Amino acid sequence: MLEAYPQDALDELLANVTLRQGWDFSRMNVLRQPVPWNYTDVVARYLRPGDTVLDIGTGGGEVFGRLAGSFGQGLGIDNDPQMIRLARANSTAGHLRFRVGSERLETVPEAFDVIIDRHAPFDLGAIAAHLKPAGYFVTQQVGERNMACVKAALGQPASPPVIRREAFPASGLRLLAFLEYDVEYVVRDIESLVFWLRALDCAHADLDGAAALASVQALNRVLAGNVDERGFVTNEHRYLAIAQRAAAELRLAGGHRSGRRDAGYGTPRPPAGGARGPSGW
């Protein structure tokens, strides 16, 4: 990858690089430092075959579909009708449904055993109201320092944190784990970088990636000082939160959900006997 390109090279890239379909970034060629958790692995620990699951911000159903074999019935929602059309077209699982809806869950009358959310807005009050007793909420969110060098080059300020530890108690959700990482992230080739920037818009991210592709001067400002022999070097900042609906049933003899032992507050610790819990990341 070069630190600067001419306008005709950018024009050719824009003509040939494919557009994002749904929320699928698998075509990108990247390197990332090791991270302390994998979102789908964490979510899978909280799923059981009979569970009902809500996926907020499902996109094209890419992650929800990969998890579909671990639970009973699932509903994916997204505020973008185009995403929902794609999710329905992509899905081959008969127990998954998809519906247009926002983080306020106004189109969702049901209650769920587990609610998940990857990189989408959420309303903790609505989540607490739509969880069954002792149900779980698992979310991964993009951190405010994500892609810091790109935002700096474009003059786009960092957004405030989208998730805070102290917001959970007031919602009636008991916070079981709150984790964070900020690691180096390398995009290996210019085609992947153009695809990535083009895919990020203000409707789905906190960065207007198109601004970096509006002219070759803008692209070269992003590249300047951020390219080495591996490619374009930036950072990935993420939060993970796991919470449980507070319920009187948990304090009654025999009130625990079958096979589950309370994972406890604060620092995650392994549950006994293969039960759910935020361990082993």
# chains A, B, ... in the order shown; residues from 1 in each chain; ligands from 1

$ select_by_dssp --residues "region 40-128 of chain A" --states "helix (DSSP H, G or I)" --output "MDAnalysis selection string"
chainID A and resid 40:44 62:70 81:90 124:128

$ atom_distance --atom1 "CA of Pro157 (chain A)" --atom2 "CA of Gln140 (chain A)"
21.6 Å

$ closest_atom_pairs --of "region 120-194 of chain A" --to "region 14-17 of chain A" --cutoff "9 Å" --atoms "only C-alpha atoms" --output "tab-separated table"
residue	atom	partner	partner_atom	distance
A:Glu191	CA	A:Val17	CA	6.4
A:Ser192	CA	A:Val17	CA	8.3
A:Val194	CA	A:Val17	CA	7.3

$ write_last_selection --atoms "C-alpha atoms" --output "PDB file, in the first residue's frame"
ATOM      1  CA  GLU A 191      -8.956  -2.366  -1.966  1.00  0.00           C
ATOM      2  CA  SER A 192      -9.929  -3.480   1.544  1.00  0.00           C
ATOM      3  CA  VAL A 194     -11.651   1.568   0.174  1.00  0.00           C
TER       4      VAL A 194
END

$ atom_distance --atom1 "CA of Leu86 (chain A)" --atom2 "CA of Asp55 (chain A)"
15.1 Å

$ closest_residue --among "A:Ala167, A:Val216, A:Leu223, A:Leu173" --to "Ile127 (chain A)" --atoms "only C-alpha atoms"
A:Leu173

$ residues_around --residues "Tyr39 (chain A)" --least-positions-apart "6" --cutoff "10 Å" --atoms "only C-alpha atoms" --output "ChimeraX atom specification"
/A:63,117-118,138-140,240,281

$ residues_around --residues "Phe112 (chain A)" --least-positions-apart "4" --cutoff "10 Å" --atoms "only C-alpha atoms" --output "PDB file with N, CA and C atoms, in the first residue's frame"
ATOM      1  N   ASP A  51     -34.198 -21.592  24.115  1.00  0.00           N
ATOM      2  CA  ASP A  51     -34.284 -20.157  24.344  1.00  0.00           C
ATOM      3  C   ASP A  51     -34.958 -19.407  23.200  1.00  0.00           C
ATOM      4  N   THR A  52     -35.628 -18.312  23.566  1.00  0.00           N
ATOM      5  CA  THR A  52     -36.061 -17.316  22.594  1.00  0.00           C
ATOM      6  C   THR A  52     -35.059 -16.165  22.650  1.00  0.00           C
ATOM      7  N   VAL A  53     -34.639 -15.685  21.473  1.00  0.00           N
ATOM      8  CA  VAL A  53     -33.538 -14.724  21.398  1.00  0.00           C
ATOM      9  C   VAL A  53     -33.927 -13.558  20.497  1.00  0.00           C
ATOM     10  N   LEU A  54     -33.606 -12.346  20.936  1.00  0.00           N
ATOM     11  CA  LEU A  54     -33.790 -11.133  20.144  1.00  0.00           C
ATOM     12  C   LEU A  54     -32.424 -10.575  19.781  1.00  0.00           C
ATOM     13  N   GLN A  73     -36.037 -20.196  19.177  1.00  0.00           N
ATOM     14  CA  GLN A  73     -36.711 -19.260  18.290  1.00  0.00           C
ATOM     15  C   GLN A  73     -36.004 -17.915  18.360  1.00  0.00           C
ATOM     16  N   GLY A  74     -35.883 -17.244  17.207  1.00  0.00           N
ATOM     17  CA  GLY A  74     -35.165 -15.988  17.187  1.00  0.00           C
ATOM     18  C   GLY A  74     -35.860 -14.928  16.362  1.00  0.00           C
ATOM     19  N   LEU A  75     -35.738 -13.674  16.823  1.00  0.00           N
ATOM     20  CA  LEU A  75     -36.235 -12.516  16.094  1.00  0.00           C
ATOM     21  C   LEU A  75     -35.090 -11.529  15.926  1.00  0.00           C
ATOM     22  N   ILE A 127     -34.803  -2.910  26.969  1.00  0.00           N
ATOM     23  CA  ILE A 127     -34.236  -4.258  27.075  1.00  0.00           C
ATOM     24  C   ILE A 127     -34.710  -4.931  28.357  1.00  0.00           C
ATOM     25  N   ALA A 129     -37.384  -4.392  29.966  1.00  0.00           N
ATOM     26  CA  ALA A 129     -38.810  -4.677  29.854  1.00  0.00           C
ATOM     27  C   ALA A 129     -39.107  -5.868  28.952  1.00  0.00           C
ATOM     28  N   HIS A 130     -38.167  -6.223  28.080  1.00  0.00           N
ATOM     29  CA  HIS A 130     -38.385  -7.314  27.122  1.00  0.00           C
ATOM     30  C   HIS A 130     -37.605  -8.579  27.465  1.00  0.00           C
ATOM     31  N   LEU A 131     -36.949  -8.586  28.614  1.00  0.00           N
ATOM     32  CA  LEU A 131     -36.277  -9.802  29.075  1.00  0.00           C
ATOM     33  C   LEU A 131     -37.196 -10.577  30.006  1.00  0.00           C
ATOM     34  N   LYS A 132     -37.208 -11.873  29.863  1.00  0.00           N
ATOM     35  CA  LYS A 132     -37.908 -12.730  30.815  1.00  0.00           C
ATOM     36  C   LYS A 132     -37.150 -12.713  32.145  1.00  0.00           C
ATOM     37  N   PRO A 133     -37.781 -13.102  33.246  1.00  0.00           N
ATOM     38  CA  PRO A 133     -37.059 -13.169  34.525  1.00  0.00           C
ATOM     39  C   PRO A 133     -35.780 -13.985  34.388  1.00  0.00           C
ATOM     40  N   GLY A 135     -33.378 -13.337  32.508  1.00  0.00           N
ATOM     41  CA  GLY A 135     -32.850 -13.310  31.150  1.00  0.00           C
ATOM     42  C   GLY A 135     -31.575 -12.495  31.048  1.00  0.00           C
ATOM     43  N   TYR A 136     -30.843 -12.687  29.955  1.00  0.00           N
ATOM     44  CA  TYR A 136     -29.528 -12.082  29.769  1.00  0.00           C
ATOM     45  C   TYR A 136     -29.518 -11.094  28.619  1.00  0.00           C
ATOM     46  N   PHE A 137     -28.720 -10.048  28.775  1.00  0.00           N
ATOM     47  CA  PHE A 137     -28.412  -9.088  27.713  1.00  0.00           C
ATOM     48  C   PHE A 137     -26.914  -9.119  27.475  1.00  0.00           C
TER      49      PHE A 137
END

$ residues_around --residues "region 143-145 of chain A" --least-positions-apart "6" --cutoff "8 Å" --atoms "only C-alpha atoms" --output "NGL selection string"
:A and (158-162 or 182 or 236-239)

$ write_last_selection --atoms "N, CA and C atoms" --output "JSON list (two decimals), in the first residue's frame"
[["chain", "number", "residue", "atom", "x", "y", "z"],
["A", 158, "ALA", "N", -14.27, 12.63, 18.04],
["A", 158, "ALA", "CA", -14.67, 11.38, 18.67],
["A", 158, "ALA", "C", -16.04, 11.55, 19.30],
["A", 159, "SER", "N", -16.87, 10.53, 19.19],
["A", 159, "SER", "CA", -18.20, 10.57, 19.80],
["A", 159, "SER", "C", -18.08, 10.23, 21.28],
["A", 160, "PRO", "N", -19.06, 10.59, 22.09],
["A", 160, "PRO", "CA", -19.03, 10.17, 23.50],
["A", 160, "PRO", "C", -19.23, 8.66, 23.60],
["A", 161, "PRO", "N", -18.81, 8.05, 24.70],
["A", 161, "PRO", "CA", -19.01, 6.61, 24.86],
["A", 161, "PRO", "C", -20.48, 6.22, 24.72],
["A", 162, "VAL", "N", -20.74, 5.15, 23.98],
["A", 162, "VAL", "CA", -22.12, 4.72, 23.77],
["A", 162, "VAL", "C", -22.61, 3.80, 24.88],
["A", 182, "ASP", "N", -8.62, -2.03, 23.21],
["A", 182, "ASP", "CA", -8.24, -1.06, 22.18],
["A", 182, "ASP", "C", -6.92, -1.55, 21.60],
["A", 236, "GLU", "N", -8.72, -0.65, 16.75],
["A", 236, "GLU", "CA", -10.07, -1.15, 16.98],
["A", 236, "GLU", "C", -10.37, -1.05, 18.47],
["A", 237, "HIS", "N", -11.41, -0.31, 18.81],
["A", 237, "HIS", "CA", -11.79, -0.08, 20.20],
["A", 237, "HIS", "C", -13.19, -0.67, 20.42],
["A", 238, "ARG", "N", -13.33, -1.58, 21.39],
["A", 238, "ARG", "CA", -14.60, -2.25, 21.64],
["A", 238, "ARG", "C", -14.88, -2.36, 23.14],
["A", 239, "TYR", "N", -16.18, -2.38, 23.46],
["A", 239, "TYR", "CA", -16.68, -2.68, 24.80],
["A", 239, "TYR", "C", -17.52, -3.95, 24.73]]

$ residues_around --residues "Asn226 (chain A)" --least-positions-apart "2" --cutoff "12 Å" --atoms "only C-alpha atoms" --output "MDAnalysis selection string"
chainID A and resid 1:4 147:150 152:153 184:188 219:224 228:235

$ write_last_selection --atoms "N, CA and C atoms" --output "PDB file, in the first residue's frame"
ATOM      1  N   MET A   1       0.844  -1.196   0.000  1.00  0.00           N
ATOM      2  CA  MET A   1       0.000   0.000   0.000  1.00  0.00           C
ATOM      3  C   MET A   1       0.875   1.241   0.000  1.00  0.00           C
ATOM      4  N   LEU A   2       0.481   2.239  -0.775  1.00  0.00           N
ATOM      5  CA  LEU A   2       1.222   3.490  -0.852  1.00  0.00           C
ATOM      6  C   LEU A   2       0.694   4.489   0.172  1.00  0.00           C
ATOM      7  N   GLU A   3       1.496   5.539   0.442  1.00  0.00           N
ATOM      8  CA  GLU A   3       1.032   6.609   1.314  1.00  0.00           C
ATOM      9  C   GLU A   3       0.294   7.677   0.544  1.00  0.00           C
ATOM     10  N   ALA A   4       0.332   7.618  -0.776  1.00  0.00           N
ATOM     11  CA  ALA A   4      -0.372   8.604  -1.594  1.00  0.00           C
ATOM     12  C   ALA A   4      -0.724   7.977  -2.935  1.00  0.00           C
ATOM     13  N   MET A 147     -10.796   3.739  15.275  1.00  0.00           N
ATOM     14  CA  MET A 147     -10.296   4.370  14.046  1.00  0.00           C
ATOM     15  C   MET A 147      -9.872   5.820  14.316  1.00  0.00           C
ATOM     16  N   ALA A 148      -9.128   6.018  15.395  1.00  0.00           N
ATOM     17  CA  ALA A 148      -8.803   7.377  15.840  1.00  0.00           C
ATOM     18  C   ALA A 148      -8.038   8.168  14.786  1.00  0.00           C
ATOM     19  N   CYS A 149      -7.116   7.531  14.081  1.00  0.00           N
ATOM     20  CA  CYS A 149      -6.309   8.269  13.102  1.00  0.00           C
ATOM     21  C   CYS A 149      -7.149   8.705  11.903  1.00  0.00           C
ATOM     22  N   VAL A 150      -8.169   7.925  11.551  1.00  0.00           N
ATOM     23  CA  VAL A 150      -9.051   8.295  10.435  1.00  0.00           C
ATOM     24  C   VAL A 150      -9.887   9.505  10.822  1.00  0.00           C
ATOM     25  N   ALA A 152      -9.194  11.726  13.041  1.00  0.00           N
ATOM     26  CA  ALA A 152      -8.322  12.900  13.151  1.00  0.00           C
ATOM     27  C   ALA A 152      -8.019  13.477  11.778  1.00  0.00           C
ATOM     28  N   ALA A 153      -7.723  12.621  10.812  1.00  0.00           N
ATOM     29  CA  ALA A 153      -7.390  13.095   9.458  1.00  0.00           C
ATOM     30  C   ALA A 153      -8.570  13.790   8.799  1.00  0.00           C
ATOM     31  N   GLU A 184      -4.285  -2.601  17.992  1.00  0.00           N
ATOM     32  CA  GLU A 184      -3.878  -2.236  16.639  1.00  0.00           C
ATOM     33  C   GLU A 184      -4.644  -3.058  15.610  1.00  0.00           C
ATOM     34  N   TYR A 185      -5.026  -2.396  14.528  1.00  0.00           N
ATOM     35  CA  TYR A 185      -5.811  -3.025  13.461  1.00  0.00           C
ATOM     36  C   TYR A 185      -5.193  -2.578  12.139  1.00  0.00           C
ATOM     37  N   VAL A 186      -4.794  -3.547  11.321  1.00  0.00           N
ATOM     38  CA  VAL A 186      -4.080  -3.247  10.082  1.00  0.00           C
ATOM     39  C   VAL A 186      -4.902  -3.728   8.892  1.00  0.00           C
ATOM     40  N   VAL A 187      -5.172  -2.825   7.952  1.00  0.00           N
ATOM     41  CA  VAL A 187      -5.841  -3.164   6.702  1.00  0.00           C
ATOM     42  C   VAL A 187      -4.747  -3.397   5.666  1.00  0.00           C
ATOM     43  N   ARG A 188      -4.697  -4.599   5.102  1.00  0.00           N
ATOM     44  CA  ARG A 188      -3.524  -5.042   4.348  1.00  0.00           C
ATOM     45  C   ARG A 188      -3.411  -4.472   2.939  1.00  0.00           C
ATOM     46  N   LEU A 219      -8.305  11.130   0.799  1.00  0.00           N
ATOM     47  CA  LEU A 219      -7.754   9.791   1.020  1.00  0.00           C
ATOM     48  C   LEU A 219      -6.293   9.864   1.430  1.00  0.00           C
ATOM     49  N   ASN A 220      -5.515  10.698   0.759  1.00  0.00           N
ATOM     50  CA  ASN A 220      -4.083  10.776   1.075  1.00  0.00           C
ATOM     51  C   ASN A 220      -3.838  11.382   2.451  1.00  0.00           C
ATOM     52  N   ARG A 221      -4.733  12.250   2.931  1.00  0.00           N
ATOM     53  CA  ARG A 221      -4.611  12.745   4.309  1.00  0.00           C
ATOM     54  C   ARG A 221      -4.798  11.611   5.308  1.00  0.00           C
ATOM     55  N   VAL A 222      -5.730  10.714   5.018  1.00  0.00           N
ATOM     56  CA  VAL A 222      -5.958   9.560   5.894  1.00  0.00           C
ATOM     57  C   VAL A 222      -4.742   8.642   5.882  1.00  0.00           C
ATOM     58  N   LEU A 223      -4.159   8.429   4.705  1.00  0.00           N
ATOM     59  CA  LEU A 223      -3.033   7.514   4.583  1.00  0.00           C
ATOM     60  C   LEU A 223      -1.746   8.074   5.197  1.00  0.00           C
ATOM     61  N   ALA A 224      -1.553   9.374   5.145  1.00  0.00           N
ATOM     62  CA  ALA A 224      -0.283   9.992   5.526  1.00  0.00           C
ATOM     63  C   ALA A 224       0.121   9.629   6.946  1.00  0.00           C
ATOM     64  N   ASP A 228       2.572   1.326   6.813  1.00  0.00           N
ATOM     65  CA  ASP A 228       3.884   0.695   6.905  1.00  0.00           C
ATOM     66  C   ASP A 228       3.906  -0.514   5.980  1.00  0.00           C
ATOM     67  N   GLU A 229       4.904  -1.374   6.128  1.00  0.00           N
ATOM     68  CA  GLU A 229       5.045  -2.507   5.213  1.00  0.00           C
ATOM     69  C   GLU A 229       3.884  -3.500   5.311  1.00  0.00           C
ATOM     70  N   ARG A 230       3.103  -3.429   6.391  1.00  0.00           N
ATOM     71  CA  ARG A 230       1.956  -4.335   6.551  1.00  0.00           C
ATOM     72  C   ARG A 230       0.687  -3.801   5.909  1.00  0.00           C
ATOM     73  N   GLY A 231       0.572  -2.478   5.803  1.00  0.00           N
ATOM     74  CA  GLY A 231      -0.633  -1.870   5.259  1.00  0.00           C
ATOM     75  C   GLY A 231      -1.007  -0.620   6.031  1.00  0.00           C
ATOM     76  N   PHE A 232      -2.308  -0.315   6.068  1.00  0.00           N
ATOM     77  CA  PHE A 232      -2.811   0.864   6.764  1.00  0.00           C
ATOM     78  C   PHE A 232      -3.053   0.514   8.229  1.00  0.00           C
ATOM     79  N   VAL A 233      -2.429   1.275   9.127  1.00  0.00           N
ATOM     80  CA  VAL A 233      -2.446   0.951  10.553  1.00  0.00           C
ATOM     81  C   VAL A 233      -3.369   1.916  11.292  1.00  0.00           C
ATOM     82  N   THR A 234      -4.391   1.356  11.939  1.00  0.00           N
ATOM     83  CA  THR A 234      -5.297   2.139  12.766  1.00  0.00           C
ATOM     84  C   THR A 234      -5.568   1.349  14.049  1.00  0.00           C
ATOM     85  N   ASN A 235      -6.706   1.554  14.671  1.00  0.00           N
ATOM     86  CA  ASN A 235      -7.002   0.838  15.920  1.00  0.00           C
ATOM     87  C   ASN A 235      -8.444   0.390  15.948  1.00  0.00           C
TER      88      ASN A 235
END

$ closest_residue --among "A:Ile190, A:Ile115, A:Leu10, A:Ala212" --to "Val227 (chain A)" --atoms "only C-alpha atoms"
A:Ile190

$ closest_residue --among "A:Ile84, A:Ala211, A:Leu31, A:Leu105" --to "Phe122 (chain A)" --atoms "only C-alpha atoms"
A:Leu105

$ residues_around --residues "Leu197 (chain A)" --least-positions-apart "3" --cutoff "7 Å" --atoms "only C-alpha atoms" --output "PyMOL selection string"
chain A and resi 193-194+200+209-210

$ write_last_selection --atoms "C-alpha atoms" --output "short mmCIF file (atom, residue, chain, number, x, y, z; two decimals), in the first residue's frame"
data_model
loop_
_atom_site.label_atom_id
_atom_site.label_comp_id
_atom_site.auth_asym_id
_atom_site.auth_seq_id
_atom_site.Cartn_x
_atom_site.Cartn_y
_atom_site.Cartn_z
CA LEU A 193 -9.45 0.03 2.87
CA VAL A 194 -11.65 1.57 0.17
CA LEU A 200 -19.16 3.18 6.95
CA GLY A 209 -16.18 7.00 5.63
CA ALA A 210 -17.33 8.50 2.34
#

$ select_by_dssp --residues "region 14-261 of chain A" --states "strand (DSSP E)" --output "PyMOL selection string"
chain A and resi 30-32+52-56+73-78+96-100+112-118+131-142+173-187+227-228+231-245

$ write_last_selection --atoms "C-alpha atoms" --output "PDB file, in the first residue's frame"
ATOM      1  CA  VAL A  30      -6.807  -7.446   7.801  1.00  0.00           C
ATOM      2  CA  LEU A  31      -4.494  -8.133  10.719  1.00  0.00           C
ATOM      3  CA  ARG A  32      -5.596  -7.528  14.302  1.00  0.00           C
ATOM      4  CA  THR A  52     -36.061 -17.316  22.594  1.00  0.00           C
ATOM      5  CA  VAL A  53     -33.538 -14.724  21.398  1.00  0.00           C
ATOM      6  CA  LEU A  54     -33.790 -11.133  20.144  1.00  0.00           C
ATOM      7  CA  ASP A  55     -30.976  -9.696  18.010  1.00  0.00           C
ATOM      8  CA  ILE A  56     -31.023  -5.873  17.974  1.00  0.00           C
ATOM      9  CA  GLN A  73     -36.711 -19.260  18.290  1.00  0.00           C
ATOM     10  CA  GLY A  74     -35.165 -15.988  17.187  1.00  0.00           C
ATOM     11  CA  LEU A  75     -36.235 -12.516  16.094  1.00  0.00           C
ATOM     12  CA  GLY A  76     -33.816 -10.114  14.401  1.00  0.00           C
ATOM     13  CA  ILE A  77     -34.671  -6.413  14.154  1.00  0.00           C
ATOM     14  CA  ASP A  78     -33.008  -3.517  12.362  1.00  0.00           C
ATOM     15  CA  LEU A  96     -35.587 -17.109  12.581  1.00  0.00           C
ATOM     16  CA  ARG A  97     -37.854 -14.139  11.872  1.00  0.00           C
ATOM     17  CA  PHE A  98     -36.878 -10.593  10.907  1.00  0.00           C
ATOM     18  CA  ARG A  99     -38.719  -7.332  11.444  1.00  0.00           C
ATOM     19  CA  VAL A 100     -38.059  -3.603  11.063  1.00  0.00           C
ATOM     20  CA  PHE A 112     -37.033 -13.135  25.449  1.00  0.00           C
ATOM     21  CA  ASP A 113     -34.635 -15.354  27.357  1.00  0.00           C
ATOM     22  CA  VAL A 114     -31.630 -13.615  25.771  1.00  0.00           C
ATOM     23  CA  ILE A 115     -31.235 -10.266  23.991  1.00  0.00           C
ATOM     24  CA  ILE A 116     -28.067  -9.623  22.004  1.00  0.00           C
ATOM     25  CA  ASP A 117     -26.733  -6.529  20.269  1.00  0.00           C
ATOM     26  CA  ARG A 118     -23.571  -6.096  18.223  1.00  0.00           C
ATOM     27  CA  LEU A 131     -36.277  -9.802  29.075  1.00  0.00           C
ATOM     28  CA  LYS A 132     -37.908 -12.730  30.815  1.00  0.00           C
ATOM     29  CA  PRO A 133     -37.059 -13.169  34.525  1.00  0.00           C
ATOM     30  CA  ALA A 134     -33.364 -14.015  34.857  1.00  0.00           C
ATOM     31  CA  GLY A 135     -32.850 -13.310  31.150  1.00  0.00           C
ATOM     32  CA  TYR A 136     -29.528 -12.082  29.769  1.00  0.00           C
ATOM     33  CA  PHE A 137     -28.412  -9.088  27.713  1.00  0.00           C
ATOM     34  CA  VAL A 138     -25.087  -9.387  25.849  1.00  0.00           C
ATOM     35  CA  THR A 139     -23.763  -6.477  23.808  1.00  0.00           C
ATOM     36  CA  GLN A 140     -20.546  -5.517  22.044  1.00  0.00           C
ATOM     37  CA  GLN A 141     -20.237  -1.836  21.169  1.00  0.00           C
ATOM     38  CA  VAL A 142     -17.800   0.211  19.103  1.00  0.00           C
ATOM     39  CA  LEU A 173     -30.291  -5.007  35.012  1.00  0.00           C
ATOM     40  CA  ARG A 174     -27.501  -6.529  37.093  1.00  0.00           C
ATOM     41  CA  LEU A 175     -24.149  -6.055  35.382  1.00  0.00           C
ATOM     42  CA  LEU A 176     -22.171  -9.307  35.294  1.00  0.00           C
ATOM     43  CA  ALA A 177     -19.224  -8.175  33.183  1.00  0.00           C
ATOM     44  CA  PHE A 178     -17.953  -4.972  31.597  1.00  0.00           C
ATOM     45  CA  LEU A 179     -14.817  -5.299  29.468  1.00  0.00           C
ATOM     46  CA  GLU A 180     -12.885  -3.158  27.001  1.00  0.00           C
ATOM     47  CA  TYR A 181     -10.062  -3.458  24.509  1.00  0.00           C
ATOM     48  CA  ASP A 182      -8.237  -1.056  22.181  1.00  0.00           C
ATOM     49  CA  VAL A 183      -5.805  -2.817  19.840  1.00  0.00           C
ATOM     50  CA  GLU A 184      -3.878  -2.236  16.639  1.00  0.00           C
ATOM     51  CA  TYR A 185      -5.811  -3.025  13.461  1.00  0.00           C
ATOM     52  CA  VAL A 186      -4.080  -3.247  10.082  1.00  0.00           C
ATOM     53  CA  VAL A 187      -5.841  -3.164   6.702  1.00  0.00           C
ATOM     54  CA  VAL A 227       1.060   3.157   6.300  1.00  0.00           C
ATOM     55  CA  ASP A 228       3.884   0.695   6.905  1.00  0.00           C
ATOM     56  CA  GLY A 231      -0.633  -1.870   5.259  1.00  0.00           C
ATOM     57  CA  PHE A 232      -2.811   0.864   6.764  1.00  0.00           C
ATOM     58  CA  VAL A 233      -2.446   0.951  10.553  1.00  0.00           C
ATOM     59  CA  THR A 234      -5.297   2.139  12.766  1.00  0.00           C
ATOM     60  CA  ASN A 235      -7.002   0.838  15.920  1.00  0.00           C
ATOM     61  CA  GLU A 236     -10.075  -1.154  16.977  1.00  0.00           C
ATOM     62  CA  HIS A 237     -11.794  -0.079  20.204  1.00  0.00           C
ATOM     63  CA  ARG A 238     -14.596  -2.250  21.641  1.00  0.00           C
ATOM     64  CA  TYR A 239     -16.678  -2.685  24.796  1.00  0.00           C
ATOM     65  CA  LEU A 240     -18.446  -5.828  25.978  1.00  0.00           C
ATOM     66  CA  ALA A 241     -21.214  -5.821  28.570  1.00  0.00           C
ATOM     67  CA  ILE A 242     -23.184  -8.755  29.976  1.00  0.00           C
ATOM     68  CA  ALA A 243     -26.169  -8.125  32.229  1.00  0.00           C
ATOM     69  CA  GLN A 244     -29.039 -10.082  33.739  1.00  0.00           C
ATOM     70  CA  ARG A 245     -32.549  -9.016  34.564  1.00  0.00           C
TER      71      ARG A 245
END

$ atom_distance --atom1 "CA of Gln33 (chain A)" --atom2 "CA of Ala68 (chain A)"
28.2 Å

$ decode --residues "region 212-224 of chain A" --atoms "N, CA and C atoms" --output "mmCIF file, in the first residue's frame"
data_model
loop_
_atom_site.group_PDB
_atom_site.id
_atom_site.type_symbol
_atom_site.label_atom_id
_atom_site.label_comp_id
_atom_site.auth_asym_id
_atom_site.auth_seq_id
_atom_site.Cartn_x
_atom_site.Cartn_y
_atom_site.Cartn_z
ATOM 1 N N ALA A 212 -13.663 10.327 3.316
ATOM 2 C CA ALA A 212 -12.266 9.994 2.996
ATOM 3 C C ALA A 212 -12.079 9.646 1.533
ATOM 4 N N LEU A 213 -13.195 9.394 0.827
ATOM 5 C CA LEU A 213 -13.120 9.006 -0.575
ATOM 6 C C LEU A 213 -13.676 10.084 -1.498
ATOM 7 N N ALA A 214 -14.017 11.237 -0.946
ATOM 8 C CA ALA A 214 -14.591 12.311 -1.750
ATOM 9 C C ALA A 214 -13.586 12.890 -2.729
ATOM 10 N N SER A 215 -12.318 12.799 -2.390
ATOM 11 C CA SER A 215 -11.251 13.257 -3.277
ATOM 12 C C SER A 215 -9.984 12.509 -2.916
ATOM 13 N N VAL A 216 -9.040 12.493 -3.844
ATOM 14 C CA VAL A 216 -7.784 11.813 -3.547
ATOM 15 C C VAL A 216 -7.012 12.556 -2.468
ATOM 16 N N GLN A 217 -7.226 13.858 -2.361
ATOM 17 C CA GLN A 217 -6.557 14.615 -1.301
ATOM 18 C C GLN A 217 -7.033 14.147 0.076
ATOM 19 N N ALA A 218 -8.329 13.896 0.197
ATOM 20 C CA ALA A 218 -8.856 13.410 1.470
ATOM 21 C C ALA A 218 -8.309 12.024 1.788
ATOM 22 N N LEU A 219 -8.305 11.130 0.799
ATOM 23 C CA LEU A 219 -7.754 9.791 1.020
ATOM 24 C C LEU A 219 -6.293 9.864 1.430
ATOM 25 N N ASN A 220 -5.515 10.698 0.759
ATOM 26 C CA ASN A 220 -4.083 10.776 1.075
ATOM 27 C C ASN A 220 -3.838 11.382 2.451
ATOM 28 N N ARG A 221 -4.733 12.250 2.931
ATOM 29 C CA ARG A 221 -4.611 12.745 4.309
ATOM 30 C C ARG A 221 -4.798 11.611 5.308
ATOM 31 N N VAL A 222 -5.730 10.714 5.018
ATOM 32 C CA VAL A 222 -5.958 9.560 5.894
ATOM 33 C C VAL A 222 -4.742 8.642 5.882
ATOM 34 N N LEU A 223 -4.159 8.429 4.705
ATOM 35 C CA LEU A 223 -3.033 7.514 4.583
ATOM 36 C C LEU A 223 -1.746 8.074 5.197
ATOM 37 N N ALA A 224 -1.553 9.374 5.145
ATOM 38 C CA ALA A 224 -0.283 9.992 5.526
ATOM 39 C C ALA A 224 0.121 9.629 6.946
#
